[in-house]
file work.cif (mmCIF, N, CA and C atoms)
data_upload
#
loop_
_atom_site.label_atom_id
_atom_site.label_comp_id
_atom_site.auth_asym_id
_atom_site.auth_seq_id
_atom_site.Cartn_x
_atom_site.Cartn_y
_atom_site.Cartn_z
N MET M 1 -25.22 -5.58 21.08
CA MET M 1 -25.00 -4.40 20.25
C MET M 1 -25.23 -4.76 18.79
N ILE M 2 -25.85 -3.87 18.08
CA ILE M 2 -26.03 -4.04 16.63
C ILE M 2 -24.72 -3.64 15.96
N LEU M 3 -24.11 -4.59 15.25
CA LEU M 3 -22.83 -4.30 14.63
C LEU M 3 -22.95 -3.39 13.42
N LEU M 4 -24.04 -3.50 12.67
CA LEU M 4 -24.22 -2.66 11.49
C LEU M 4 -25.58 -1.99 11.52
N THR M 5 -25.57 -0.68 11.52
CA THR M 5 -26.82 0.06 11.36
C THR M 5 -27.20 0.01 9.87
N ASP M 6 -28.40 0.40 9.55
CA ASP M 6 -28.83 0.43 8.15
C ASP M 6 -27.95 1.37 7.33
N ASP M 7 -27.59 2.50 7.89
CA ASP M 7 -26.75 3.47 7.19
C ASP M 7 -25.37 2.89 6.90
N LEU M 8 -24.75 2.26 7.90
CA LEU M 8 -23.43 1.65 7.70
C LEU M 8 -23.50 0.53 6.66
N ARG M 9 -24.54 -0.30 6.76
CA ARG M 9 -24.71 -1.40 5.80
C ARG M 9 -24.81 -0.85 4.37
N GLU M 10 -25.60 0.20 4.20
CA GLU M 10 -25.77 0.80 2.87
C GLU M 10 -24.45 1.34 2.33
N ARG M 11 -23.70 2.05 3.17
CA ARG M 11 -22.41 2.59 2.74
C ARG M 11 -21.43 1.48 2.36
N LEU M 12 -21.40 0.41 3.14
CA LEU M 12 -20.52 -0.72 2.85
C LEU M 12 -20.93 -1.42 1.56
N LEU M 13 -22.23 -1.59 1.34
CA LEU M 13 -22.72 -2.23 0.11
C LEU M 13 -22.37 -1.40 -1.13
N ILE M 14 -22.51 -0.08 -1.02
CA ILE M 14 -22.15 0.80 -2.14
C ILE M 14 -20.67 0.65 -2.46
N ASN M 15 -19.82 0.66 -1.42
CA ASN M 15 -18.39 0.46 -1.63
C ASN M 15 -18.11 -0.91 -2.25
N GLY M 16 -18.90 -1.91 -1.86
CA GLY M 16 -18.71 -3.26 -2.40
C GLY M 16 -18.95 -3.35 -3.89
N LEU M 17 -19.69 -2.41 -4.44
CA LEU M 17 -19.93 -2.39 -5.89
C LEU M 17 -18.73 -1.85 -6.65
N GLU M 18 -17.85 -1.15 -5.95
CA GLU M 18 -16.68 -0.54 -6.57
C GLU M 18 -15.42 -1.26 -6.10
N ARG M 19 -15.18 -2.43 -6.66
CA ARG M 19 -14.01 -3.23 -6.30
C ARG M 19 -12.73 -2.53 -6.70
N ASP M 20 -11.63 -2.94 -6.10
CA ASP M 20 -10.31 -2.42 -6.43
C ASP M 20 -10.21 -0.91 -6.26
N THR M 21 -10.95 -0.38 -5.29
CA THR M 21 -10.89 1.03 -4.96
C THR M 21 -10.33 1.17 -3.55
N ASP M 22 -9.52 2.17 -3.35
CA ASP M 22 -8.91 2.43 -2.04
C ASP M 22 -9.90 3.21 -1.19
N HIS M 23 -10.89 2.49 -0.63
CA HIS M 23 -11.96 3.13 0.14
C HIS M 23 -11.49 3.60 1.51
N ILE M 24 -12.24 4.51 2.06
CA ILE M 24 -12.07 4.94 3.45
C ILE M 24 -12.85 3.95 4.32
N PRO M 25 -12.27 3.46 5.41
CA PRO M 25 -13.01 2.56 6.30
C PRO M 25 -14.32 3.19 6.77
N VAL M 26 -15.36 2.38 6.76
CA VAL M 26 -16.69 2.83 7.15
C VAL M 26 -16.95 2.55 8.62
N VAL M 27 -16.42 1.43 9.11
CA VAL M 27 -16.74 0.99 10.46
C VAL M 27 -15.56 0.24 11.07
N LYS M 28 -15.45 0.36 12.38
CA LYS M 28 -14.42 -0.36 13.13
C LYS M 28 -15.10 -1.28 14.14
N PHE M 29 -14.69 -2.54 14.13
CA PHE M 29 -15.15 -3.52 15.11
C PHE M 29 -13.97 -3.89 15.99
N PHE M 30 -14.25 -4.31 17.22
CA PHE M 30 -13.15 -4.71 18.11
C PHE M 30 -13.62 -5.71 19.15
N ASN M 31 -12.64 -6.47 19.64
CA ASN M 31 -12.86 -7.38 20.75
C ASN M 31 -12.57 -6.58 22.02
N PRO M 32 -13.54 -6.37 22.88
CA PRO M 32 -13.32 -5.55 24.07
C PRO M 32 -12.45 -6.23 25.13
N LEU M 33 -12.18 -7.53 24.95
CA LEU M 33 -11.43 -8.26 25.97
C LEU M 33 -10.08 -8.79 25.48
N GLY M 34 -9.67 -8.41 24.29
CA GLY M 34 -8.39 -8.92 23.81
C GLY M 34 -8.13 -8.56 22.37
N GLU M 35 -7.33 -9.40 21.72
CA GLU M 35 -6.97 -9.14 20.33
C GLU M 35 -8.18 -9.24 19.42
N GLY M 36 -8.11 -8.48 18.37
CA GLY M 36 -9.16 -8.50 17.36
C GLY M 36 -9.68 -7.12 17.07
N VAL M 37 -9.27 -6.57 15.92
CA VAL M 37 -9.76 -5.28 15.44
C VAL M 37 -9.96 -5.43 13.94
N TRP M 38 -11.08 -4.91 13.44
CA TRP M 38 -11.40 -4.97 12.02
C TRP M 38 -11.83 -3.59 11.56
N LEU M 39 -11.28 -3.13 10.44
CA LEU M 39 -11.74 -1.91 9.78
C LEU M 39 -12.37 -2.35 8.47
N ALA M 40 -13.66 -2.17 8.33
CA ALA M 40 -14.38 -2.64 7.14
C ALA M 40 -14.61 -1.49 6.17
N THR M 41 -14.34 -1.79 4.89
CA THR M 41 -14.57 -0.81 3.83
C THR M 41 -15.69 -1.23 2.90
N GLU M 42 -15.96 -2.53 2.81
CA GLU M 42 -16.92 -3.04 1.82
C GLU M 42 -17.73 -4.19 2.41
N LEU M 43 -18.91 -4.39 1.84
CA LEU M 43 -19.76 -5.53 2.15
C LEU M 43 -20.28 -6.09 0.84
N ASP M 44 -20.10 -7.39 0.65
CA ASP M 44 -20.61 -8.05 -0.56
C ASP M 44 -22.13 -8.09 -0.53
N ALA M 45 -22.71 -8.31 -1.70
CA ALA M 45 -24.16 -8.40 -1.82
C ALA M 45 -24.74 -9.55 -1.00
N ASP M 46 -23.90 -10.53 -0.63
CA ASP M 46 -24.38 -11.64 0.21
C ASP M 46 -24.73 -11.19 1.63
N GLY M 47 -24.36 -9.95 1.99
CA GLY M 47 -24.67 -9.42 3.32
C GLY M 47 -23.80 -9.96 4.42
N ASN M 48 -22.78 -10.75 4.07
CA ASN M 48 -21.94 -11.37 5.07
C ASN M 48 -20.45 -11.08 4.87
N THR M 49 -19.98 -11.18 3.65
CA THR M 49 -18.55 -11.08 3.39
C THR M 49 -18.12 -9.61 3.33
N MET M 50 -17.25 -9.27 4.27
CA MET M 50 -16.74 -7.90 4.35
C MET M 50 -15.29 -7.88 3.90
N PHE M 51 -14.85 -6.73 3.43
CA PHE M 51 -13.45 -6.54 3.08
C PHE M 51 -12.91 -5.38 3.89
N GLY M 52 -11.65 -5.51 4.27
CA GLY M 52 -11.00 -4.43 5.00
C GLY M 52 -9.71 -4.91 5.61
N LEU M 53 -9.31 -4.24 6.66
CA LEU M 53 -8.09 -4.55 7.38
C LEU M 53 -8.46 -5.27 8.67
N ALA M 54 -7.93 -6.47 8.82
CA ALA M 54 -8.21 -7.28 10.01
C ALA M 54 -6.93 -7.49 10.80
N ASP M 55 -7.04 -7.46 12.10
CA ASP M 55 -5.87 -7.64 12.97
C ASP M 55 -6.23 -8.61 14.09
N LEU M 56 -5.78 -9.85 13.91
CA LEU M 56 -5.98 -10.87 14.95
C LEU M 56 -4.62 -11.29 15.50
N GLY M 57 -3.70 -10.35 15.56
CA GLY M 57 -2.34 -10.61 15.99
C GLY M 57 -1.34 -10.06 14.99
N TYR M 58 -1.80 -9.90 13.75
CA TYR M 58 -1.01 -9.27 12.70
C TYR M 58 -1.97 -8.65 11.70
N PRO M 59 -1.80 -7.37 11.37
CA PRO M 59 -2.75 -6.72 10.46
C PRO M 59 -2.58 -7.14 9.01
N GLU M 60 -3.69 -7.48 8.36
CA GLU M 60 -3.64 -7.81 6.94
C GLU M 60 -4.96 -7.49 6.26
N LEU M 61 -4.86 -7.08 5.00
CA LEU M 61 -6.04 -6.82 4.18
C LEU M 61 -6.65 -8.14 3.74
N GLY M 62 -7.97 -8.20 3.73
CA GLY M 62 -8.64 -9.40 3.28
C GLY M 62 -10.11 -9.37 3.62
N THR M 63 -10.73 -10.54 3.50
CA THR M 63 -12.16 -10.65 3.77
C THR M 63 -12.39 -11.29 5.13
N PHE M 64 -13.54 -10.98 5.71
CA PHE M 64 -13.94 -11.58 6.97
C PHE M 64 -15.46 -11.64 7.00
N SER M 65 -15.98 -12.47 7.88
CA SER M 65 -17.40 -12.76 7.92
C SER M 65 -18.12 -11.99 9.03
N LEU M 66 -19.15 -11.25 8.63
CA LEU M 66 -19.98 -10.56 9.61
C LEU M 66 -20.70 -11.57 10.51
N LEU M 67 -21.17 -12.66 9.92
CA LEU M 67 -21.87 -13.69 10.72
C LEU M 67 -20.95 -14.31 11.76
N GLU M 68 -19.69 -14.55 11.40
CA GLU M 68 -18.75 -15.09 12.38
C GLU M 68 -18.52 -14.11 13.52
N MET M 69 -18.39 -12.83 13.17
CA MET M 69 -18.18 -11.83 14.23
C MET M 69 -19.38 -11.77 15.17
N THR M 70 -20.59 -11.83 14.62
CA THR M 70 -21.77 -11.75 15.48
C THR M 70 -21.97 -13.00 16.32
N SER M 71 -21.35 -14.11 15.91
CA SER M 71 -21.52 -15.36 16.65
C SER M 71 -20.47 -15.55 17.75
N ILE M 72 -19.47 -14.71 17.80
CA ILE M 72 -18.42 -14.84 18.82
C ILE M 72 -19.00 -14.50 20.19
N ARG M 73 -18.81 -15.41 21.13
CA ARG M 73 -19.27 -15.22 22.51
C ARG M 73 -18.05 -15.14 23.41
N LEU M 74 -17.91 -14.02 24.08
CA LEU M 74 -16.80 -13.78 24.99
C LEU M 74 -17.27 -13.94 26.43
N PRO M 75 -16.33 -13.99 27.37
CA PRO M 75 -16.73 -14.06 28.78
C PRO M 75 -17.63 -12.89 29.17
N PHE M 76 -18.39 -13.11 30.22
CA PHE M 76 -19.29 -12.09 30.78
C PHE M 76 -20.41 -11.70 29.83
N GLY M 77 -20.74 -12.59 28.88
CA GLY M 77 -21.82 -12.33 27.94
C GLY M 77 -21.51 -11.29 26.89
N MET M 78 -20.24 -10.98 26.72
CA MET M 78 -19.85 -9.95 25.76
C MET M 78 -19.61 -10.56 24.39
N GLY M 79 -19.54 -9.69 23.40
CA GLY M 79 -19.24 -10.10 22.03
C GLY M 79 -18.43 -9.02 21.35
N ILE M 80 -18.19 -9.19 20.06
CA ILE M 80 -17.49 -8.18 19.28
C ILE M 80 -18.35 -6.92 19.28
N GLU M 81 -17.71 -5.77 19.36
CA GLU M 81 -18.43 -4.50 19.42
C GLU M 81 -18.03 -3.58 18.28
N ARG M 82 -18.89 -2.63 18.02
CA ARG M 82 -18.61 -1.59 17.03
C ARG M 82 -18.15 -0.35 17.78
N ASP M 83 -17.07 0.26 17.30
CA ASP M 83 -16.58 1.50 17.87
C ASP M 83 -17.47 2.63 17.35
N MET M 84 -18.38 3.07 18.17
CA MET M 84 -19.37 4.06 17.74
C MET M 84 -18.76 5.45 17.56
N LEU M 85 -17.54 5.67 18.05
CA LEU M 85 -16.89 6.96 17.90
C LEU M 85 -15.88 6.99 16.76
N PHE M 86 -15.70 5.84 16.10
CA PHE M 86 -14.70 5.77 15.02
C PHE M 86 -15.11 6.62 13.83
N ALA M 87 -14.17 7.43 13.39
CA ALA M 87 -14.35 8.24 12.19
C ALA M 87 -12.96 8.49 11.61
N THR M 88 -12.85 8.43 10.32
CA THR M 88 -11.57 8.68 9.66
C THR M 88 -11.81 9.24 8.27
N ASP M 89 -10.83 9.94 7.77
CA ASP M 89 -10.85 10.36 6.38
C ASP M 89 -9.64 9.78 5.64
N LEU M 90 -8.97 8.83 6.29
CA LEU M 90 -7.80 8.17 5.71
C LEU M 90 -8.20 6.90 4.98
N ARG M 91 -7.63 6.68 3.84
CA ARG M 91 -7.93 5.49 3.03
C ARG M 91 -7.38 4.23 3.69
N ILE M 92 -7.94 3.09 3.30
CA ILE M 92 -7.55 1.81 3.90
C ILE M 92 -6.06 1.51 3.65
N SER M 93 -5.52 1.97 2.53
CA SER M 93 -4.09 1.74 2.26
C SER M 93 -3.22 2.47 3.28
N VAL M 94 -3.64 3.65 3.73
CA VAL M 94 -2.90 4.39 4.74
C VAL M 94 -2.96 3.63 6.07
N TRP M 95 -4.15 3.15 6.41
CA TRP M 95 -4.32 2.35 7.63
C TRP M 95 -3.47 1.09 7.58
N ALA M 96 -3.47 0.40 6.43
CA ALA M 96 -2.71 -0.84 6.30
C ALA M 96 -1.22 -0.59 6.47
N GLU M 97 -0.71 0.44 5.82
CA GLU M 97 0.72 0.75 5.93
C GLU M 97 1.09 1.12 7.37
N ALA M 98 0.28 1.96 7.99
CA ALA M 98 0.55 2.36 9.37
C ALA M 98 0.47 1.17 10.32
N ALA M 99 -0.51 0.29 10.12
CA ALA M 99 -0.66 -0.88 10.98
C ALA M 99 0.51 -1.84 10.81
N HIS M 100 0.97 -2.02 9.57
CA HIS M 100 2.12 -2.90 9.35
C HIS M 100 3.37 -2.33 10.02
N ARG M 101 3.57 -1.04 9.90
CA ARG M 101 4.74 -0.41 10.52
C ARG M 101 4.66 -0.44 12.05
N ALA M 102 3.47 -0.17 12.57
CA ALA M 102 3.28 -0.11 14.03
C ALA M 102 3.13 -1.50 14.64
N GLY M 103 2.68 -2.47 13.85
CA GLY M 103 2.50 -3.82 14.36
C GLY M 103 1.07 -4.18 14.68
N SER M 104 0.17 -3.19 14.70
CA SER M 104 -1.23 -3.46 14.99
C SER M 104 -2.09 -2.27 14.57
N ILE M 105 -3.38 -2.54 14.40
CA ILE M 105 -4.31 -1.46 14.09
C ILE M 105 -4.42 -0.51 15.28
N ARG M 106 -4.45 -1.07 16.49
CA ARG M 106 -4.58 -0.21 17.67
C ARG M 106 -3.41 0.76 17.79
N ASP M 107 -2.18 0.27 17.57
CA ASP M 107 -1.03 1.16 17.64
C ASP M 107 -1.04 2.16 16.49
N ALA M 108 -1.46 1.72 15.30
CA ALA M 108 -1.56 2.63 14.16
C ALA M 108 -2.57 3.74 14.45
N GLU M 109 -3.66 3.39 15.09
CA GLU M 109 -4.68 4.39 15.41
C GLU M 109 -4.12 5.46 16.34
N ARG M 110 -3.34 5.04 17.32
CA ARG M 110 -2.73 6.01 18.22
C ARG M 110 -1.79 6.95 17.45
N ILE M 111 -1.01 6.39 16.54
CA ILE M 111 -0.07 7.20 15.76
C ILE M 111 -0.82 8.12 14.80
N LEU M 112 -1.79 7.57 14.07
CA LEU M 112 -2.51 8.38 13.09
C LEU M 112 -3.34 9.47 13.76
N CYS M 113 -3.97 9.15 14.86
CA CYS M 113 -4.77 10.16 15.56
C CYS M 113 -3.88 11.21 16.19
N HIS M 114 -2.75 10.81 16.75
CA HIS M 114 -1.82 11.77 17.35
C HIS M 114 -1.28 12.70 16.27
N GLY M 115 -0.95 12.14 15.11
CA GLY M 115 -0.45 12.94 14.00
C GLY M 115 -1.49 13.93 13.52
N ALA M 116 -2.74 13.49 13.46
CA ALA M 116 -3.82 14.38 13.01
C ALA M 116 -4.01 15.51 14.02
N LEU M 117 -3.96 15.17 15.29
CA LEU M 117 -4.12 16.20 16.32
C LEU M 117 -2.94 17.14 16.33
N SER M 118 -1.73 16.60 16.16
CA SER M 118 -0.54 17.45 16.14
C SER M 118 -0.59 18.41 14.97
N GLY M 119 -1.10 17.93 13.83
CA GLY M 119 -1.19 18.78 12.64
C GLY M 119 -2.13 19.94 12.86
N ARG M 120 -3.19 19.71 13.60
CA ARG M 120 -4.18 20.77 13.86
C ARG M 120 -3.60 21.82 14.81
N ASP M 121 -2.74 21.36 15.71
CA ASP M 121 -2.15 22.28 16.69
C ASP M 121 -0.97 23.05 16.12
N GLY M 122 -0.58 22.71 14.89
CA GLY M 122 0.56 23.38 14.29
C GLY M 122 1.88 22.79 14.71
N ALA M 123 1.87 21.67 15.43
CA ALA M 123 3.12 21.04 15.87
C ALA M 123 3.76 20.24 14.78
#
call {"tool": "encode", "arguments": {"input": "work.cif", "output": "structure tokens"}}
result
Amino acid sequence: MILLTDDLRERLLINGLERDTDHIPVVKFFNPLGEGVWLATELDADGNTMFGLADLGYPELGTFSLLEMTSIRLPFGMGIERDMLFATDLRISVWAEAAHRAGSIRDAERILCHGALSGRDGA
């Protein structure tokens, strides 16, 4: 799987030019066989260093390497994948707070998505 399309790469690079901004996550990566979820908001001009929320057992804001993610080899010939259905209008600070409270990005996503759906239903 291609982890970054040209469009995603461009959006991440543009965000990378605006440091210290509370960006909306552009892309979500995940380990399909276990722990590991990343929400990326920025990409450095080096084309490798990404910034966002990473969860390898505990969610924290910081940098991570696109090259490292693409080099991970999992059982059955699998690797890190991009969530092609991921979309959000929530800023990374909202994701970070929810993930810290919930204990993981995956649990935060369930809470944030449920809240968004409940809000639409008038509940």
call {"tool": "resolve_selection", "arguments": {"input": "work.cif", "expression": "the PyMOL selection byres ((chain M and resi 90-100) around 5)", "output": "PDB file with N, CA and C atoms, in the coordinates of the input"}}
result
ATOM      1  N   ASP M  22      -9.520   2.170  -3.350  1.00  0.00           N
ATOM      2  CA  ASP M  22      -8.910   2.430  -2.040  1.00  0.00           C
ATOM      3  C   ASP M  22      -9.900   3.210  -1.190  1.00  0.00           C
ATOM      4  N   HIS M  23     -10.890   2.490  -0.630  1.00  0.00           N
ATOM      5  CA  HIS M  23     -11.960   3.130   0.140  1.00  0.00           C
ATOM      6  C   HIS M  23     -11.490   3.600   1.510  1.00  0.00           C
ATOM      7  N   ILE M  24     -12.240   4.510   2.060  1.00  0.00           N
ATOM      8  CA  ILE M  24     -12.070   4.940   3.450  1.00  0.00           C
ATOM      9  C   ILE M  24     -12.850   3.950   4.320  1.00  0.00           C
ATOM     10  N   PRO M  25     -12.270   3.460   5.410  1.00  0.00           N
ATOM     11  CA  PRO M  25     -13.010   2.560   6.300  1.00  0.00           C
ATOM     12  C   PRO M  25     -14.320   3.190   6.770  1.00  0.00           C
ATOM     13  N   THR M  88     -12.850   8.430  10.320  1.00  0.00           N
ATOM     14  CA  THR M  88     -11.570   8.680   9.660  1.00  0.00           C
ATOM     15  C   THR M  88     -11.810   9.240   8.270  1.00  0.00           C
ATOM     16  N   ASP M  89     -10.830   9.940   7.770  1.00  0.00           N
ATOM     17  CA  ASP M  89     -10.850  10.360   6.380  1.00  0.00           C
ATOM     18  C   ASP M  89      -9.640   9.780   5.640  1.00  0.00           C
ATOM     19  N   ARG M 101       3.570  -1.040   9.900  1.00  0.00           N
ATOM     20  CA  ARG M 101       4.740  -0.410  10.520  1.00  0.00           C
ATOM     21  C   ARG M 101       4.660  -0.440  12.050  1.00  0.00           C
ATOM     22  N   ALA M 102       3.470  -0.170  12.570  1.00  0.00           N
ATOM     23  CA  ALA M 102       3.280  -0.110  14.030  1.00  0.00           C
ATOM     24  C   ALA M 102       3.130  -1.500  14.640  1.00  0.00           C
ATOM     25  N   GLY M 103       2.680  -2.470  13.850  1.00  0.00           N
ATOM     26  CA  GLY M 103       2.500  -3.820  14.360  1.00  0.00           C
ATOM     27  C   GLY M 103       1.070  -4.180  14.680  1.00  0.00           C
ATOM     28  N   SER M 104       0.170  -3.190  14.700  1.00  0.00           N
ATOM     29  CA  SER M 104      -1.230  -3.460  14.990  1.00  0.00           C
ATOM     30  C   SER M 104      -2.090  -2.270  14.570  1.00  0.00           C
ATOM     31  N   ILE M 105      -3.380  -2.540  14.400  1.00  0.00           N
ATOM     32  CA  ILE M 105      -4.310  -1.460  14.090  1.00  0.00           C
ATOM     33  C   ILE M 105      -4.420  -0.510  15.280  1.00  0.00           C
ATOM     34  N   ALA M 108      -1.460   1.720  15.300  1.00  0.00           N
ATOM     35  CA  ALA M 108      -1.560   2.630  14.160  1.00  0.00           C
ATOM     36  C   ALA M 108      -2.570   3.740  14.450  1.00  0.00           C
TER      37      ALA M 108
END
call {"tool": "closest_residue", "arguments": {"input": "work.cif", "among": "M:Val26, M:Pro32, M:Glu10, M:Leu3", "to": "Phe76 in chain M", "atoms": "only C-alpha atoms"}}
result
M:Pro32
call {"tool": "resolve_selection", "arguments": {"input": "work.cif", "expression": "the PyMOL selection byres ((chain M and resi 44) around 8)", "output": "list in words"}}
result
Leu12, Leu13, Ile14, Asn15, Gly16, Leu17, Thr41, Glu42, Leu43, Ala45, Asp46, Gly47, Asn48, Thr49, Met50 and Phe51 of chain M
call {"tool": "select_by_dssp", "arguments": {"input": "work.cif", "residues": "chain M", "states": "strand (DSSP E or B)", "output": "PyMOL selection string"}}
result
chain M and resi 27-30+37-43+49-55+59-65+81-82
call {"tool": "closest_residue", "arguments": {"input": "work.cif", "among": "M:Asp55, M:Glu68, M:Asp7, M:Glu60", "to": "Gly36 in chain M", "atoms": "only N, CA and C atoms"}}
result
M:Asp55
call {"tool": "resolve_selection", "arguments": {"input": "work.cif", "expression": "the PyMOL selection byres ((chain M and resi 35) around 6)", "output": "PDB file with N, CA and C atoms, in the coordinates of the input"}}
result
ATOM      1  N   ASN M  31     -12.640  -6.470  19.640  1.00  0.00           N
ATOM      2  CA  ASN M  31     -12.860  -7.380  20.750  1.00  0.00           C
ATOM      3  C   ASN M  31     -12.570  -6.580  22.020  1.00  0.00           C
ATOM      4  N   LEU M  33     -12.180  -7.530  24.950  1.00  0.00           N
ATOM      5  CA  LEU M  33     -11.430  -8.260  25.970  1.00  0.00           C
ATOM      6  C   LEU M  33     -10.080  -8.790  25.480  1.00  0.00           C
ATOM      7  N   GLY M  34      -9.670  -8.410  24.290  1.00  0.00           N
ATOM      8  CA  GLY M  34      -8.390  -8.920  23.810  1.00  0.00           C
ATOM      9  C   GLY M  34      -8.130  -8.560  22.370  1.00  0.00           C
ATOM     10  N   GLY M  36      -8.110  -8.480  18.370  1.00  0.00           N
ATOM     11  CA  GLY M  36      -9.160  -8.500  17.360  1.00  0.00           C
ATOM     12  C   GLY M  36      -9.680  -7.120  17.070  1.00  0.00           C
ATOM     13  N   VAL M  37      -9.270  -6.570  15.920  1.00  0.00           N
ATOM     14  CA  VAL M  37      -9.760  -5.280  15.440  1.00  0.00           C
ATOM     15  C   VAL M  37      -9.960  -5.430  13.940  1.00  0.00           C
ATOM     16  N   ASP M  55      -7.040  -7.460  12.100  1.00  0.00           N
ATOM     17  CA  ASP M  55      -5.870  -7.640  12.970  1.00  0.00           C
ATOM     18  C   ASP M  55      -6.230  -8.610  14.090  1.00  0.00           C
ATOM     19  N   LEU M  56      -5.780  -9.850  13.910  1.00  0.00           N
ATOM     20  CA  LEU M  56      -5.980 -10.870  14.950  1.00  0.00           C
ATOM     21  C   LEU M  56      -4.620 -11.290  15.500  1.00  0.00           C
ATOM     22  N   GLY M  57      -3.700 -10.350  15.560  1.00  0.00           N
ATOM     23  CA  GLY M  57      -2.340 -10.610  15.990  1.00  0.00           C
ATOM     24  C   GLY M  57      -1.340 -10.060  14.990  1.00  0.00           C
TER      25      GLY M  57
END
call {"tool": "atom_distance", "arguments": {"input": "work.cif", "atom1": "atom N of Ile2 in chain M", "atom2": "atom C of Asp20 in chain M"}}
result
29.1 Å
call {"tool": "atom_distance", "arguments": {"input": "work.cif", "atom1": "CA of Gly77 in chain M", "atom2": "CA of Phe29 in chain M"}}
result
16.9 Å
call {"tool": "decode", "arguments": {"input": "work.cif", "residues": "range 12-24 of chain M", "atoms": "C-alpha atoms", "output": "compact mmCIF listing (two decimals), in the first residue's frame"}}
result
# COMPACT_ATOMS: atom_id res chain seq x y z
CA LEU M 12 1.44 17.59 5.00
CA LEU M 13 4.31 19.62 3.49
CA ILE M 14 2.19 22.79 3.50
CA ASN M 15 1.34 22.21 7.17
CA GLY M 16 5.04 21.61 7.84
CA LEU M 17 5.76 25.18 6.76
CA GLU M 18 3.48 26.48 9.52
CA ARG M 19 5.12 25.28 12.73
CA ASP M 20 3.45 25.69 16.11
CA THR M 21 -0.01 25.54 14.56
CA ASP M 22 -2.78 23.30 15.87
CA HIS M 23 -3.36 21.50 12.55
CA ILE M 24 -6.09 19.04 11.71
